[in-house]
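Colleague: Sending over a structure as structure tokens; questions will come in a sec.
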Amino acid sequence: MSEEARTPIPRPGGRSARVRADVVAATLAEVAEKAYDGLTVDAIAARSGVHKATLYRRWGGVDGLVADALTASADQPWSAPDTGDLATDLRRITHEVFAVFTDPELGPIPTALITAAQRSDIGTTALRAFFTARHRQAAAVAARAVERGELPGGTDGAEVVRAATAPLYYRLFVTGEPLDARTAEQAADAAGLAARAGLFTTPADA
């Protein structure tokens, strides 16, 4: 699809914020129902009640709309678990991924959004930014574990989280294999063991 890749710059607060919220909600609903190939600006305009000329002006087209839906998702409040135990924290993170993506009502939305984002450069950039933000937030579980003496100093928390969640996303978006709670626990435990062994420490001269 050839369309100008632009980054939406909505003004904070007021009507602009309400318009963006309506458009994001409509984009999520449309992409969940129709996937990327069935996504149209006309349908999003009709569902959101926002004129399509506004959508083209502010978002550039469906790719910009998908990208901004991811940006809006990254802006949602989220706190890393803090149970006082690394293994439990990592299990809670992977279980959350498992629970969201396997929920029959909620799961189709993030699944379709991620799949759609991979279809354009602007979407891929937004997807990368989304995961970078989430990994940065979730890295707190490793930082606290270092403070408690559970992990060696210099552990890269974001890499620990990537290692814990990667097997889940591999099944979801690469192999299509079933995902269950036990797999989520195993992924968390494996990442925790590797982290305690020092596999995710940053070299002193890096």
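How things are named: the first chain in the structure tokens is A, the next is B, and so on; residues count from 1 in each chain; ligands count from 1 in the order shown.
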Give me the residues within 12 Å of Gly198 (chain A) as a ChimeraX atom specification, counting only C-alpha atoms and dropping any in the same chain fewer than 2 places off.
Modeller: /A:142,146,150-157,159-160,191-196,200-203
Colleague: Write out as a tab-separated table (two decimals) with all heavy atoms, in the first residue's frame which residues come within 12 Å of Ser73 (chain A) when counting only C-alpha atoms, dropping same-chain ones fewer than 3 positions away.
Modeller:
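That gives us result_9.tsv:
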```
chain	number	residue	atom	x	y	z
A	21	ALA	N	-8.83	9.20	20.73
A	21	ALA	CA	-9.31	8.02	21.44
A	21	ALA	C	-10.36	7.28	20.62
A	21	ALA	O	-10.35	6.04	20.53
A	21	ALA	CB	-9.88	8.42	22.79
A	24	VAL	N	-8.54	5.60	17.61
A	24	VAL	CA	-7.77	4.43	18.04
A	24	VAL	C	-8.70	3.26	18.33
A	24	VAL	O	-8.44	2.12	17.91
A	24	VAL	CB	-6.91	4.77	19.28
A	24	VAL	CG1	-6.38	3.49	19.93
A	24	VAL	CG2	-5.75	5.67	18.88
A	25	ALA	N	-9.80	3.52	19.04
A	25	ALA	CA	-10.75	2.45	19.35
A	25	ALA	C	-11.34	1.85	18.07
A	25	ALA	O	-11.49	0.63	17.96
A	25	ALA	CB	-11.87	2.99	20.25
A	28	LEU	N	-8.66	-0.33	16.32
A	28	LEU	CA	-8.49	-1.62	16.98
A	28	LEU	C	-9.64	-2.56	16.65
A	28	LEU	O	-9.43	-3.75	16.37
A	28	LEU	CB	-8.39	-1.43	18.50
A	28	LEU	CG	-7.14	-0.71	19.00
A	28	LEU	CD1	-7.24	-0.46	20.50
A	28	LEU	CD2	-5.88	-1.52	18.68
A	66	VAL	N	-2.67	2.38	12.24
A	66	VAL	CA	-2.18	1.21	12.97
A	66	VAL	C	-1.01	1.59	13.87
A	66	VAL	O	-0.93	1.19	15.04
A	66	VAL	CB	-1.76	0.10	11.98
A	66	VAL	CG1	-0.96	-0.99	12.68
A	66	VAL	CG2	-2.99	-0.50	11.31
A	67	ALA	N	-0.10	2.40	13.33
A	67	ALA	CA	1.06	2.81	14.12
A	67	ALA	C	0.63	3.60	15.35
A	67	ALA	O	1.17	3.41	16.45
A	67	ALA	CB	2.01	3.65	13.26
A	68	ASP	N	-0.34	4.49	15.18
A	68	ASP	CA	-0.76	5.30	16.32
A	68	ASP	C	-1.54	4.48	17.34
A	68	ASP	O	-1.51	4.78	18.54
A	68	ASP	CB	-1.58	6.49	15.87
A	68	ASP	CG	-1.69	7.55	16.96
A	68	ASP	OD1	-0.67	7.83	17.61
A	68	ASP	OD2	-2.79	8.08	17.17
A	69	ALA	N	-2.22	3.45	16.90
A	69	ALA	CA	-2.89	2.56	17.84
A	69	ALA	C	-1.87	1.87	18.74
A	69	ALA	O	-2.09	1.69	19.94
A	69	ALA	CB	-3.72	1.52	17.09
A	70	LEU	N	-0.73	1.52	18.18
A	70	LEU	CA	0.36	0.94	18.98
A	70	LEU	C	0.95	1.98	19.92
A	70	LEU	O	1.23	1.67	21.09
A	70	LEU	CB	1.46	0.39	18.07
A	70	LEU	CG	1.25	-1.04	17.57
A	70	LEU	CD1	2.19	-1.31	16.41
A	70	LEU	CD2	1.48	-2.04	18.69
A	76	GLN	N	-0.41	3.48	27.64
A	76	GLN	CA	-1.29	3.03	28.71
A	76	GLN	C	-0.47	2.67	29.95
A	76	GLN	O	0.60	2.09	29.85
A	76	GLN	CB	-2.10	1.80	28.27
A	76	GLN	CG	-3.10	2.09	27.17
A	76	GLN	CD	-4.12	3.12	27.59
A	76	GLN	OE1	-4.75	3.00	28.64
A	76	GLN	NE2	-4.28	4.15	26.77
A	77	PRO	N	-0.97	3.02	31.15
A	77	PRO	CA	-0.22	2.71	32.38
A	77	PRO	C	-0.02	1.21	32.53
A	77	PRO	O	-0.92	0.41	32.29
A	77	PRO	CB	-1.15	3.25	33.49
A	77	PRO	CG	-2.06	4.21	32.81
A	77	PRO	CD	-2.24	3.72	31.41
A	78	TRP	N	1.18	0.85	32.92
A	78	TRP	CA	1.50	-0.56	33.19
A	78	TRP	C	2.66	-0.59	34.18
A	78	TRP	O	3.65	0.13	34.01
A	78	TRP	CB	1.89	-1.30	31.92
A	78	TRP	CG	2.15	-2.75	32.15
A	78	TRP	CD1	1.22	-3.76	32.21
A	78	TRP	CD2	3.42	-3.38	32.39
A	78	TRP	NE1	1.83	-4.96	32.46
A	78	TRP	CE2	3.18	-4.76	32.57
A	78	TRP	CE3	4.73	-2.91	32.45
A	78	TRP	CZ2	4.21	-5.67	32.82
A	78	TRP	CZ3	5.75	-3.81	32.71
A	78	TRP	CH2	5.50	-5.18	32.88
A	109	ILE	N	-7.44	-8.81	19.37
A	109	ILE	CA	-7.08	-7.41	19.12
A	109	ILE	C	-5.57	-7.22	19.06
A	109	ILE	O	-5.04	-6.74	18.04
A	109	ILE	CB	-7.73	-6.48	20.17
A	109	ILE	CG1	-9.25	-6.56	20.07
A	109	ILE	CG2	-7.25	-5.04	19.97
A	109	ILE	CD1	-9.98	-5.78	21.14
A	110	PRO	N	-4.79	-7.57	20.13
A	110	PRO	CA	-3.34	-7.38	20.01
A	110	PRO	C	-2.72	-8.28	18.95
A	110	PRO	O	-1.73	-7.88	18.31
A	110	PRO	CB	-2.83	-7.73	21.41
A	110	PRO	CG	-3.89	-8.57	22.01
A	110	PRO	CD	-5.18	-8.05	21.46
A	113	LEU	N	-3.32	-6.51	15.70
A	113	LEU	CA	-2.59	-5.24	15.64
A	113	LEU	C	-1.11	-5.49	15.35
A	113	LEU	O	-0.50	-4.80	14.52
A	113	LEU	CB	-2.76	-4.48	16.95
A	113	LEU	CG	-2.12	-3.10	17.03
A	113	LEU	CD1	-2.70	-2.18	15.96
A	113	LEU	CD2	-2.32	-2.50	18.41
A	114	ILE	N	-0.52	-6.46	16.04
A	114	ILE	CA	0.89	-6.76	15.81
A	114	ILE	C	1.12	-7.27	14.39
A	114	ILE	O	2.07	-6.86	13.70
A	114	ILE	CB	1.40	-7.78	16.85
A	114	ILE	CG1	1.48	-7.12	18.23
A	114	ILE	CG2	2.76	-8.35	16.44
A	114	ILE	CD1	1.83	-8.08	19.35
A	126	ALA	N	6.73	1.59	14.95
A	126	ALA	CA	5.88	1.76	16.13
A	126	ALA	C	5.88	0.50	16.99
A	126	ALA	O	5.87	0.58	18.22
A	126	ALA	CB	4.46	2.12	15.70
A	127	LEU	N	5.89	-0.65	16.34
A	127	LEU	CA	5.90	-1.92	17.08
A	127	LEU	C	7.20	-2.06	17.87
A	127	LEU	O	7.20	-2.47	19.04
A	127	LEU	CB	5.75	-3.08	16.11
A	127	LEU	CG	5.68	-4.48	16.71
A	127	LEU	CD1	4.46	-4.62	17.62
A	127	LEU	CD2	5.64	-5.54	15.60
A	129	ALA	N	9.06	0.37	18.92
A	129	ALA	CA	9.02	1.34	20.02
A	129	ALA	C	8.14	0.84	21.16
A	129	ALA	O	8.45	1.04	22.34
A	129	ALA	CB	8.51	2.68	19.51
A	130	PHE	N	7.03	0.18	20.81
A	130	PHE	CA	6.13	-0.37	21.82
A	130	PHE	C	6.86	-1.38	22.69
A	130	PHE	O	6.83	-1.32	23.92
A	130	PHE	CB	4.91	-1.02	21.17
A	130	PHE	CG	4.05	-1.78	22.13
A	130	PHE	CD1	3.10	-1.12	22.90
A	130	PHE	CD2	4.20	-3.15	22.28
A	130	PHE	CE1	2.32	-1.82	23.80
A	130	PHE	CE2	3.42	-3.86	23.18
A	130	PHE	CZ	2.47	-3.19	23.94
A	131	PHE	N	7.53	-2.33	22.05
A	131	PHE	CA	8.22	-3.37	22.82
A	131	PHE	C	9.42	-2.81	23.58
A	131	PHE	O	9.71	-3.25	24.70
A	131	PHE	CB	8.64	-4.52	21.92
A	131	PHE	CG	7.53	-5.50	21.65
A	131	PHE	CD1	7.02	-5.65	20.38
A	131	PHE	CD2	6.99	-6.25	22.67
A	131	PHE	CE1	5.98	-6.54	20.13
A	131	PHE	CE2	5.96	-7.15	22.45
A	131	PHE	CZ	5.44	-7.29	21.16
A	133	ALA	N	9.59	0.12	24.93
A	133	ALA	CA	9.03	0.77	26.12
A	133	ALA	C	8.61	-0.26	27.16
A	133	ALA	O	8.89	-0.11	28.35
A	133	ALA	CB	7.84	1.64	25.72
A	134	ARG	N	7.93	-1.33	26.72
A	134	ARG	CA	7.49	-2.36	27.65
A	134	ARG	C	8.68	-3.08	28.29
A	134	ARG	O	8.68	-3.37	29.49
A	134	ARG	CB	6.59	-3.36	26.94
A	134	ARG	CG	5.16	-2.89	26.79
A	134	ARG	CD	4.45	-2.86	28.14
A	134	ARG	NE	3.05	-2.49	27.99
A	134	ARG	CZ	2.57	-1.28	28.14
A	134	ARG	NH1	3.40	-0.28	28.46
A	134	ARG	NH2	1.29	-1.03	28.01
```
Colleague: Please identify all polymer residues within 7 Å of Ala188 (chain A), counting only C-alpha atoms, omitting same-chain residues fewer than 2 positions from it, and present them as a VMD selection string.
Modeller: chain A and resid 90 to 91 94 164 184 to 186 190 to 192
Colleague: Using only C-alpha atoms, can you tell me which of A:Leu172, A:Thr40, A:Ala158, A:Arg18 comes closest to Gly107 (chain A)?
Modeller: A:Leu172
Colleague: DSSP on the backbone, then: every residue of chain A marked helix (DSSP H, G or I), written as a ChimeraX atom specification.
Modeller: /A:14-34,36-38,41-48,52-59,62-74,86-102,108-117,121-138,140-148,157-175,181-196
Colleague: Report, in Å to a single decimal, how far apart CA of Leu106 (chain A) and CA of Thr124 (chain A) are.
Modeller: 21.8 Å
Colleague: Take CA of Pro81 (chain A) and CA of Val97 (chain A) and report the distance between them in Å, one decimal.
Modeller: 13.1 Å
Colleague: Skip Asp89 (chain A) itself and residues of its chain fewer than 6 positions away, then list as a PyMOL selection string all residues within 8 Å of it, counting only C-alpha atoms.
Modeller: chain A and resi 80-83+141
